[in-house]
$ cat query-v7.txt   # compact mmCIF, C-alpha atoms
# COMPACT_ATOMS: atom_id res chain seq x y z
CA MET W 1 -12.24 -10.06 -20.37
CA TRP W 2 -15.31 -9.94 -18.13
CA ASP W 3 -18.24 -8.05 -19.63
CA ARG W 4 -19.22 -5.92 -16.65
CA PRO W 5 -22.73 -4.43 -16.71
CA ASP W 6 -22.84 -0.74 -17.55
CA PHE W 7 -26.42 0.41 -16.93
CA LEU W 8 -25.58 2.40 -13.76
CA ARG W 9 -23.96 5.84 -13.70
CA LEU W 10 -20.81 5.35 -11.65
CA PRO W 11 -17.72 7.48 -10.98
CA GLU W 12 -14.89 7.23 -13.48
CA ARG W 13 -12.12 4.83 -12.51
CA SER W 14 -8.79 4.58 -14.27
CA GLY W 15 -7.68 1.19 -15.51
CA LYS W 16 -4.41 -0.65 -15.01
CA PRO W 17 -1.64 0.32 -15.02
CA ARG W 18 -2.88 3.07 -12.70
CA SER W 19 -0.91 6.02 -11.37
CA SER W 20 -3.67 6.92 -8.90
CA GLY W 21 -6.61 5.09 -7.41
CA ILE W 22 -4.13 2.46 -6.25
CA THR W 23 -5.36 -0.52 -4.25
CA HIS W 24 -2.43 -1.86 -2.24
CA VAL W 25 -3.13 -5.28 -0.71
CA LEU W 26 -1.44 -6.80 2.34
CA ASP W 27 -0.64 -10.48 1.82
CA LYS W 28 -0.01 -12.05 5.22
CA GLY W 29 1.00 -15.42 3.79
CA SER W 30 -2.20 -16.20 1.90
CA SER W 31 -2.56 -19.76 0.67
CA PRO W 32 -2.24 -20.42 -3.08
CA ALA W 33 -6.02 -20.97 -3.19
CA VAL W 34 -6.63 -17.53 -1.68
CA VAL W 35 -4.21 -15.90 -4.12
CA ASP W 36 -5.87 -17.64 -7.06
CA GLY W 37 -9.33 -16.66 -5.78
CA LEU W 38 -8.33 -13.03 -5.38
CA LEU W 39 -6.88 -12.85 -8.88
CA THR W 40 -9.84 -14.64 -10.44
CA ALA W 41 -12.32 -12.26 -8.81
CA ALA W 42 -10.44 -8.97 -8.78
CA ALA W 43 -7.10 -8.97 -10.61
CA ASP W 44 -8.11 -5.79 -12.43
CA LEU W 45 -8.60 -4.02 -9.08
CA VAL W 46 -5.29 -4.94 -7.41
CA ASP W 47 -2.28 -2.76 -8.21
CA VAL W 48 0.29 -3.59 -5.54
CA VAL W 49 0.63 -6.56 -3.19
CA LYS W 50 2.91 -6.23 -0.18
CA ILE W 51 4.15 -9.52 1.22
CA GLY W 52 4.10 -8.34 4.80
CA TRP W 53 6.85 -8.17 7.39
CA GLY W 54 9.43 -10.94 6.85
CA ILE W 55 7.00 -13.51 5.45
CA GLY W 56 8.72 -13.54 2.07
CA TYR W 57 11.94 -14.67 3.73
CA LEU W 58 10.18 -17.78 5.07
CA ASP W 59 7.80 -18.58 2.21
CA ARG W 60 8.91 -21.70 0.33
CA ALA W 61 6.45 -20.84 -2.46
CA LEU W 62 7.54 -17.20 -2.78
CA LYS W 63 8.65 -17.43 -6.42
CA GLN W 64 5.35 -19.05 -7.44
CA ARG W 65 3.37 -16.47 -5.45
CA VAL W 66 5.23 -13.60 -7.11
CA ALA W 67 4.75 -15.10 -10.58
CA ALA W 68 1.01 -15.53 -10.06
CA TYR W 69 0.60 -11.89 -9.10
CA GLN W 70 2.80 -10.65 -11.91
CA ARG W 71 0.85 -12.59 -14.55
CA SER W 72 -2.11 -10.45 -13.51
CA GLY W 73 -0.17 -7.19 -13.75
CA VAL W 74 0.27 -6.78 -10.00
CA LEU W 75 3.40 -5.17 -8.56
CA VAL W 76 4.86 -7.33 -5.76
CA CYS W 77 6.57 -5.60 -2.86
CA LEU W 78 8.52 -6.85 0.17
CA GLY W 79 7.66 -5.27 3.50
CA GLY W 80 9.72 -2.46 5.01
CA THR W 81 10.51 -4.35 8.21
CA LEU W 82 12.47 -6.98 6.27
CA VAL W 83 14.39 -4.28 4.38
CA GLU W 84 15.12 -2.40 7.60
CA ILE W 85 16.46 -5.52 9.34
CA ALA W 86 18.67 -6.38 6.35
CA ALA W 87 20.05 -2.84 6.26
CA ALA W 88 20.75 -2.87 10.00
CA GLN W 89 22.64 -6.18 9.67
CA GLY W 90 24.70 -4.94 6.71
CA GLU W 91 23.02 -7.46 4.37
CA LEU W 92 21.32 -5.10 1.94
CA LEU W 93 23.25 -6.39 -1.08
CA ALA W 94 22.30 -9.96 -0.21
CA LEU W 95 18.66 -8.91 0.12
CA ARG W 96 18.74 -7.17 -3.26
CA ARG W 97 20.23 -10.19 -5.00
CA TRP W 98 17.78 -12.59 -3.37
CA ALA W 99 14.75 -10.37 -4.10
CA ALA W 100 15.76 -9.99 -7.74
CA ALA W 101 16.23 -13.76 -8.08
CA GLU W 102 12.74 -14.32 -6.65
CA GLY W 103 11.26 -11.90 -9.20
CA ILE W 104 10.34 -9.16 -6.71
CA ASP W 105 9.53 -5.85 -8.44
CA ALA W 106 9.33 -3.49 -5.48
CA LEU W 107 10.65 -2.84 -1.99
CA GLU W 108 9.16 -0.86 0.84
CA VAL W 109 11.57 1.38 2.73
CA SER W 110 10.57 2.44 6.21
CA ASN W 111 12.05 3.40 9.54
CA GLY W 112 9.25 1.92 11.59
CA LEU W 113 11.73 0.23 13.94
CA ALA W 114 13.67 3.52 14.23
CA TRP W 115 16.91 1.69 13.43
CA LEU W 116 17.97 3.94 10.54
CA GLY W 117 20.01 7.03 11.31
CA PRO W 118 19.21 10.57 10.09
CA GLY W 119 19.20 10.72 6.31
CA SER W 120 19.65 6.96 5.98
CA GLN W 121 16.14 6.38 4.64
CA ARG W 122 16.68 8.87 1.79
CA ALA W 123 19.96 7.22 0.85
CA LEU W 124 18.32 3.80 0.99
CA VAL W 125 15.48 4.95 -1.27
CA ALA W 126 17.91 6.37 -3.81
CA GLU W 127 20.05 3.21 -3.77
CA LEU W 128 17.18 0.76 -4.13
CA ALA W 129 15.34 2.83 -6.75
CA THR W 130 18.04 1.96 -9.27
CA ASP W 131 16.78 -1.66 -9.38
CA PHE W 132 13.30 -1.72 -7.81
CA THR W 133 10.12 0.30 -7.59
CA VAL W 134 10.35 1.85 -4.12
CA LEU W 135 7.48 2.62 -1.77
CA ALA W 136 8.68 4.73 1.16
CA GLU W 137 6.74 4.84 4.41
CA ALA W 138 6.51 7.77 6.82
CA GLY W 139 5.56 7.34 10.46
CA ALA W 140 6.45 5.08 13.36
CA LYS W 141 4.76 1.82 14.31
CA ASP W 142 4.90 2.78 17.99
CA ALA W 143 1.53 4.25 19.00
CA ALA W 144 3.30 6.35 21.65
CA ALA W 145 5.58 8.06 19.11
CA PRO W 146 4.76 11.73 18.48
CA VAL W 147 2.98 12.51 15.20
CA ALA W 148 4.14 15.72 13.50
CA GLY W 149 2.50 16.44 10.16
CA ALA W 150 5.14 18.90 9.00
CA GLU W 151 7.91 16.37 9.65
CA TRP W 152 5.98 13.62 7.87
CA ALA W 153 5.41 15.85 4.86
CA GLU W 154 9.09 16.79 4.74
CA GLU W 155 10.06 13.10 4.89
CA MET W 156 7.57 12.19 2.16
CA ASN W 157 8.72 14.91 -0.22
CA ALA W 158 12.37 13.98 0.40
CA ASP W 159 11.61 10.32 -0.35
CA LEU W 160 9.81 11.25 -3.57
CA ALA W 161 12.76 13.40 -4.61
CA ALA W 162 15.09 10.48 -3.84
CA GLY W 163 13.21 8.24 -6.26
CA ALA W 164 10.25 6.70 -4.45
CA ALA W 165 7.28 5.95 -6.72
CA TRP W 166 4.81 6.40 -3.84
CA VAL W 167 5.00 7.34 -0.20
CA ILE W 168 2.91 5.55 2.42
CA ALA W 169 1.17 7.16 5.37
CA GLU W 170 1.53 4.74 8.29
CA GLY W 171 -1.56 3.09 9.71
CA ARG W 172 -0.37 -0.50 10.19
CA GLU W 173 -2.60 -3.50 9.59
CA SER W 174 -4.51 -2.58 12.76
CA GLY W 175 -5.48 0.95 11.69
CA THR W 176 -4.76 2.28 15.19
CA VAL W 177 -1.49 4.23 14.83
CA GLY W 178 -0.03 6.93 12.62
CA ILE W 179 -2.86 8.61 10.72
CA TYR W 180 -5.37 7.06 13.15
CA ASP W 181 -6.16 7.48 16.82
CA ALA W 182 -5.98 4.43 19.09
CA ASP W 183 -9.70 3.84 18.46
CA GLY W 184 -9.22 3.81 14.66
CA ALA W 185 -10.62 7.30 14.01
CA VAL W 186 -8.91 9.25 11.21
CA ARG W 187 -6.67 12.07 12.38
CA ALA W 188 -8.30 14.42 9.90
CA ALA W 189 -6.10 17.42 10.65
CA LEU W 190 -2.97 15.35 10.04
CA VAL W 191 -4.33 13.98 6.76
CA GLU W 192 -5.26 17.48 5.58
CA GLU W 193 -1.78 18.73 6.46
CA LEU W 194 -0.19 15.95 4.44
CA ALA W 195 -2.54 16.43 1.51
CA GLY W 196 -1.75 20.14 1.46
CA ALA W 197 2.01 19.59 1.36
CA VAL W 198 2.53 16.35 -0.62
CA PRO W 199 1.04 15.42 -4.04
CA VAL W 200 -1.92 13.34 -2.89
CA GLU W 201 -1.78 11.13 -5.99
CA ARG W 202 1.66 9.97 -4.78
CA VAL W 203 0.48 9.11 -1.25
CA ILE W 204 -0.89 5.69 -0.30
CA PHE W 205 -2.97 5.98 2.87
CA GLU W 206 -2.97 2.73 4.84
CA ALA W 207 -6.64 2.05 5.54
CA PRO W 208 -7.35 -1.53 6.65
CA VAL W 209 -10.79 -0.79 8.15
CA LYS W 210 -14.00 -0.14 6.17
CA ALA W 211 -14.87 3.07 8.02
CA GLN W 212 -11.41 4.43 7.25
CA GLN W 213 -11.67 3.49 3.58
CA ALA W 214 -15.06 5.19 3.33
CA TRP W 215 -13.70 8.34 4.96
CA PHE W 216 -10.90 8.63 2.40
CA VAL W 217 -13.21 7.95 -0.54
CA ARG W 218 -15.64 10.62 0.65
CA ARG W 219 -12.79 13.09 1.20
CA PHE W 220 -10.64 12.48 -1.89
CA GLY W 221 -12.91 10.59 -4.29
CA PRO W 222 -12.69 7.16 -5.94
CA GLU W 223 -9.12 7.67 -7.18
CA VAL W 224 -7.56 7.92 -3.72
CA ASN W 225 -4.67 5.51 -3.08
CA LEU W 226 -5.43 3.09 -0.24
CA GLY W 227 -3.14 0.50 1.32
CA ASN W 228 -2.99 -2.49 3.65
CA ILE W 229 -6.24 -3.78 2.18
CA ALA W 230 -7.07 -7.37 3.09
CA PRO W 231 -7.56 -9.73 0.11
CA ASP W 232 -11.21 -10.30 1.08
CA ASP W 233 -11.80 -6.53 1.13
CA VAL W 234 -10.71 -5.70 -2.43
CA LEU W 235 -14.18 -6.01 -3.97
CA PRO W 236 -15.92 -4.34 -0.99
CA LEU W 237 -13.45 -1.44 -1.28
CA GLU W 238 -14.29 -1.03 -4.95
CA THR W 239 -17.98 -0.74 -4.05
CA LEU W 240 -16.99 2.13 -1.75
CA ARG W 241 -14.98 3.77 -4.53
CA LEU W 242 -17.92 3.51 -6.95
CA GLY W 243 -20.70 4.52 -4.58
CA LEU W 244 -22.24 1.04 -4.56
CA ARG W 245 -22.41 0.97 -0.77
CA ALA W 246 -24.44 3.09 1.62
CA ASP W 247 -21.28 4.64 3.12
CA THR W 248 -20.42 6.46 -0.13
CA ALA W 249 -23.59 6.30 -2.27
CA VAL W 250 -24.70 9.64 -3.73
CA ARG W 251 -28.34 10.20 -4.55
CA PRO W 252 -28.84 11.26 -8.20
$ encode --input "query-v7.txt" --output "C-alpha cells"
Amino acid sequence: MWDRPDFLRLPERSGKPRSSGITHVLDKGSSPAVVDGLLTAAADLVDVVKIGWGIGYLDRALKQRVAAYQRSGVLVCLGGTLVEIAAAQGELLALRRWAAAEGIDALEVSNGLAWLGPGSQRALVAELATDFTVLAEAGAKDAAAPVAGAEWAEEMNADLAAGAAWVIAEGRESGTVGIYDADGAVRAALVEELAGAVPVERVIFEAPVKAQQAWFVRRFGPEVNLGNIAPDDVLPLETLRLGLRADTAVRP
C-alpha cells in the first residue's frame, strides 16, 4: 500500500469499493503496457473500465485484459453498442455466454443506435441484471436528436427499477452530445433537471473533457460519478476532485 502524504487538508473521498465518487474509464483498446501503467499509478482511483464499442469482440487479449483489471478491484464492462447489436441480431444469449467465459463482470445497455423498441431497454436491463452488473445509458448518440430532460429522467428511473446499478448520462467520448452542447459546454439546465429527479449518486455523467469534469466537481463535489475518462486523465481528474488544481481549488 502506498503511503500517501497527509499534510494537506483535502476533501473526504470514499475508498474502494465505492458506491459514489465513481471514476469510469473508457478503454479504447489500450496496450498491455498502458493498462499496467494505469493500474500501477492509479488502481485505487479506477472503479469501472468500459471496453468501448465492439473492441472486446476483436481483442485477442481480452481475457488477460479483464483479469488484470479485476486483480485491481476494477469492474470491467462491455460497451452498449456491442450489446445493442447482439440484441438486434438475436444473439443476446451467445453474447452472455461469451462475456461470462471471458470473465466480464458488467454490461452497458443503451439505445444509442435507436434499434430497440419501446420498453425493450427495460426488459434487457432486467434480463441481464440476473448475471451481470448493468449500467444503463440514457440519451442518443445523434447530436441532432432532441434532448428532453423529463424523458431522460423517466428512462433512468425505470432502468434503476429494472435492476441497473448505475445509469449513464450520454456525452460520448467527444463530450459534444447529450448533456453537452456541440461546443462541449454543459447543458446545465438539463443536468439540474436530471439531478432533481434521479438519485445523483446513481448517475454517471460522461465527462471526457477537463472543463466538464471541473464543472461537475464544482457543482456536486468530489464524490460525483464521472465517466468516459481517458486512462491518462485518471490522476488529473483526482486532482480536480481533491482541489489540487486551480479549476477546483478552494482558498482556506
$ residues_around --input "query-v7.txt" --residues "Ala136 (chain W)" --least-positions-apart "5" --cutoff "9 Å" --atoms "only C-alpha atoms" --output "list in words"
Gly80, Leu107, Glu108, Val109, Ser110, Gln121, Val125, Met156, Asp159, Leu160, Ala164, Ala165, Trp166, Val167, Ile168 and Ala169 of chain W
$ residues_around --input "query-v7.txt" --residues "region 249-251 of chain W" --least-positions-apart "3" --cutoff "12 Å" --atoms "only C-alpha atoms" --output "list in words"
Arg9, Leu10, Pro11, Ala214, Val217, Arg218, Gly221, Pro222, Thr239, Leu240, Arg241, Leu242, Gly243, Leu244, Arg245 and Ala246 of chain W
$ closest_residue --input "query-v7.txt" --among "W:Gly37, W:Gly29, W:Gly79, W:Pro236" --to "Leu62 (chain W)" --atoms "all atoms listed in the file"
W:Gly29
$ closest_residue --input "query-v7.txt" --among "W:Ala148, W:Leu116, W:Ala197, W:Val76" --to "Val48 (chain W)" --atoms "only C-alpha atoms"
W:Val76
$ closest_residue --input "query-v7.txt" --among "W:Gln89, W:Leu78, W:Ser120, W:Gly171" --to "Ile104 (chain W)" --atoms "only C-alpha atoms"
W:Leu78
$ residues_around --input "query-v7.txt" --residues "Ala126 (chain W)" --least-positions-apart "4" --cutoff "8 Å" --atoms "all atoms listed in the file" --output "NGL selection string"
:W and (122 or 130 or 162-164)
$ write_last_selection --input "query-v7.txt" --atoms "C-alpha atoms" --output "compact mmCIF listing (two decimals), keeping the file's coordinate frame"
# COMPACT_ATOMS: atom_id res chain seq x y z
CA ARG W 122 16.68 8.87 1.79
CA THR W 130 18.04 1.96 -9.27
CA ALA W 162 15.09 10.48 -3.84
CA GLY W 163 13.21 8.24 -6.26
CA ALA W 164 10.25 6.70 -4.45
$ residues_near_point --input "query-v7.txt" --point "(-5.2, -4.0, 9.2)" --cutoff "6 Å" --atoms "only C-alpha atoms" --output "PyMOL selection string"
chain W and resi 173-175+208
$ residues_around --input "query-v7.txt" --residues "Gly117 (chain W)" --least-positions-apart "5" --cutoff "12 Å" --atoms "all atoms listed in the file" --output "PDB file with C-alpha atoms, in the frame of the given file"
ATOM      1  CA  GLU W  84      15.120  -2.400   7.600  1.00  0.00           C
ATOM      2  CA  ALA W  87      20.050  -2.840   6.260  1.00  0.00           C
ATOM      3  CA  ALA W  88      20.750  -2.870  10.000  1.00  0.00           C
ATOM      4  CA  SER W 110      10.570   2.440   6.210  1.00  0.00           C
ATOM      5  CA  ASN W 111      12.050   3.400   9.540  1.00  0.00           C
ATOM      6  CA  GLY W 112       9.250   1.920  11.590  1.00  0.00           C
ATOM      7  CA  ARG W 122      16.680   8.870   1.790  1.00  0.00           C
ATOM      8  CA  ALA W 123      19.960   7.220   0.850  1.00  0.00           C
ATOM      9  CA  LEU W 124      18.320   3.800   0.990  1.00  0.00           C
TER      10      LEU W 124
END
$ residues_around --input "query-v7.txt" --residues "region 178-190 of chain W" --least-positions-apart "3" --cutoff "10 Å" --atoms "only C-alpha atoms" --output "PyMOL selection string"
chain W and resi 138-150+152-153+169-172+174-175+193-196+205-209+211-213+215-216+219
$ write_last_selection --input "query-v7.txt" --atoms "C-alpha atoms" --output "short mmCIF file (atom, residue, chain, number, x, y, z; two decimals), keeping the file's coordinate frame"
data_model
loop_
_atom_site.label_atom_id
_atom_site.label_comp_id
_atom_site.auth_asym_id
_atom_site.auth_seq_id
_atom_site.Cartn_x
_atom_site.Cartn_y
_atom_site.Cartn_z
CA ALA W 138 6.51 7.77 6.82
CA GLY W 139 5.56 7.34 10.46
CA ALA W 140 6.45 5.08 13.36
CA LYS W 141 4.76 1.82 14.31
CA ASP W 142 4.90 2.78 17.99
CA ALA W 143 1.53 4.25 19.00
CA ALA W 144 3.30 6.35 21.65
CA ALA W 145 5.58 8.06 19.11
CA PRO W 146 4.76 11.73 18.48
CA VAL W 147 2.98 12.51 15.20
CA ALA W 148 4.14 15.72 13.50
CA GLY W 149 2.50 16.44 10.16
CA ALA W 150 5.14 18.90 9.00
CA TRP W 152 5.98 13.62 7.87
CA ALA W 153 5.41 15.85 4.86
CA ALA W 169 1.17 7.16 5.37
CA GLU W 170 1.53 4.74 8.29
CA GLY W 171 -1.56 3.09 9.71
CA ARG W 172 -0.37 -0.50 10.19
CA SER W 174 -4.51 -2.58 12.76
CA GLY W 175 -5.48 0.95 11.69
CA GLU W 193 -1.78 18.73 6.46
CA LEU W 194 -0.19 15.95 4.44
CA ALA W 195 -2.54 16.43 1.51
CA GLY W 196 -1.75 20.14 1.46
CA PHE W 205 -2.97 5.98 2.87
CA GLU W 206 -2.97 2.73 4.84
CA ALA W 207 -6.64 2.05 5.54
CA PRO W 208 -7.35 -1.53 6.65
CA VAL W 209 -10.79 -0.79 8.15
CA ALA W 211 -14.87 3.07 8.02
CA GLN W 212 -11.41 4.43 7.25
CA GLN W 213 -11.67 3.49 3.58
CA TRP W 215 -13.70 8.34 4.96
CA PHE W 216 -10.90 8.63 2.40
CA ARG W 219 -12.79 13.09 1.20
#
$ closest_residue --input "query-v7.txt" --among "W:Lys16, W:Arg60, W:Arg65, W:Arg96" --to "Pro32 (chain W)" --atoms "all atoms listed in the file"
W:Arg65
$ closest_residue --input "query-v7.txt" --among "W:Ile85, W:Val191, W:Val203, W:Ala99" --to "Val66 (chain W)" --atoms "all atoms listed in the file"
W:Ala99
$ atom_distance --input "query-v7.txt" --atom1 "CA of Asp232 (chain W)" --atom2 "CA of Phe7 (chain W)"
25.9 Å
$ atom_distance --input "query-v7.txt" --atom1 "CA of Gly52 (chain W)" --atom2 "CA of Gly227 (chain W)"
11.9 Å
$ atom_distance --input "query-v7.txt" --atom1 "CA of Ser31 (chain W)" --atom2 "CA of Lys210 (chain W)"
23.4 Å
$ closest_residue --input "query-v7.txt" --among "W:Val234, W:Val198, W:Val49, W:Val83" --to "Gln70 (chain W)" --atoms "only C-alpha atoms"
W:Val49
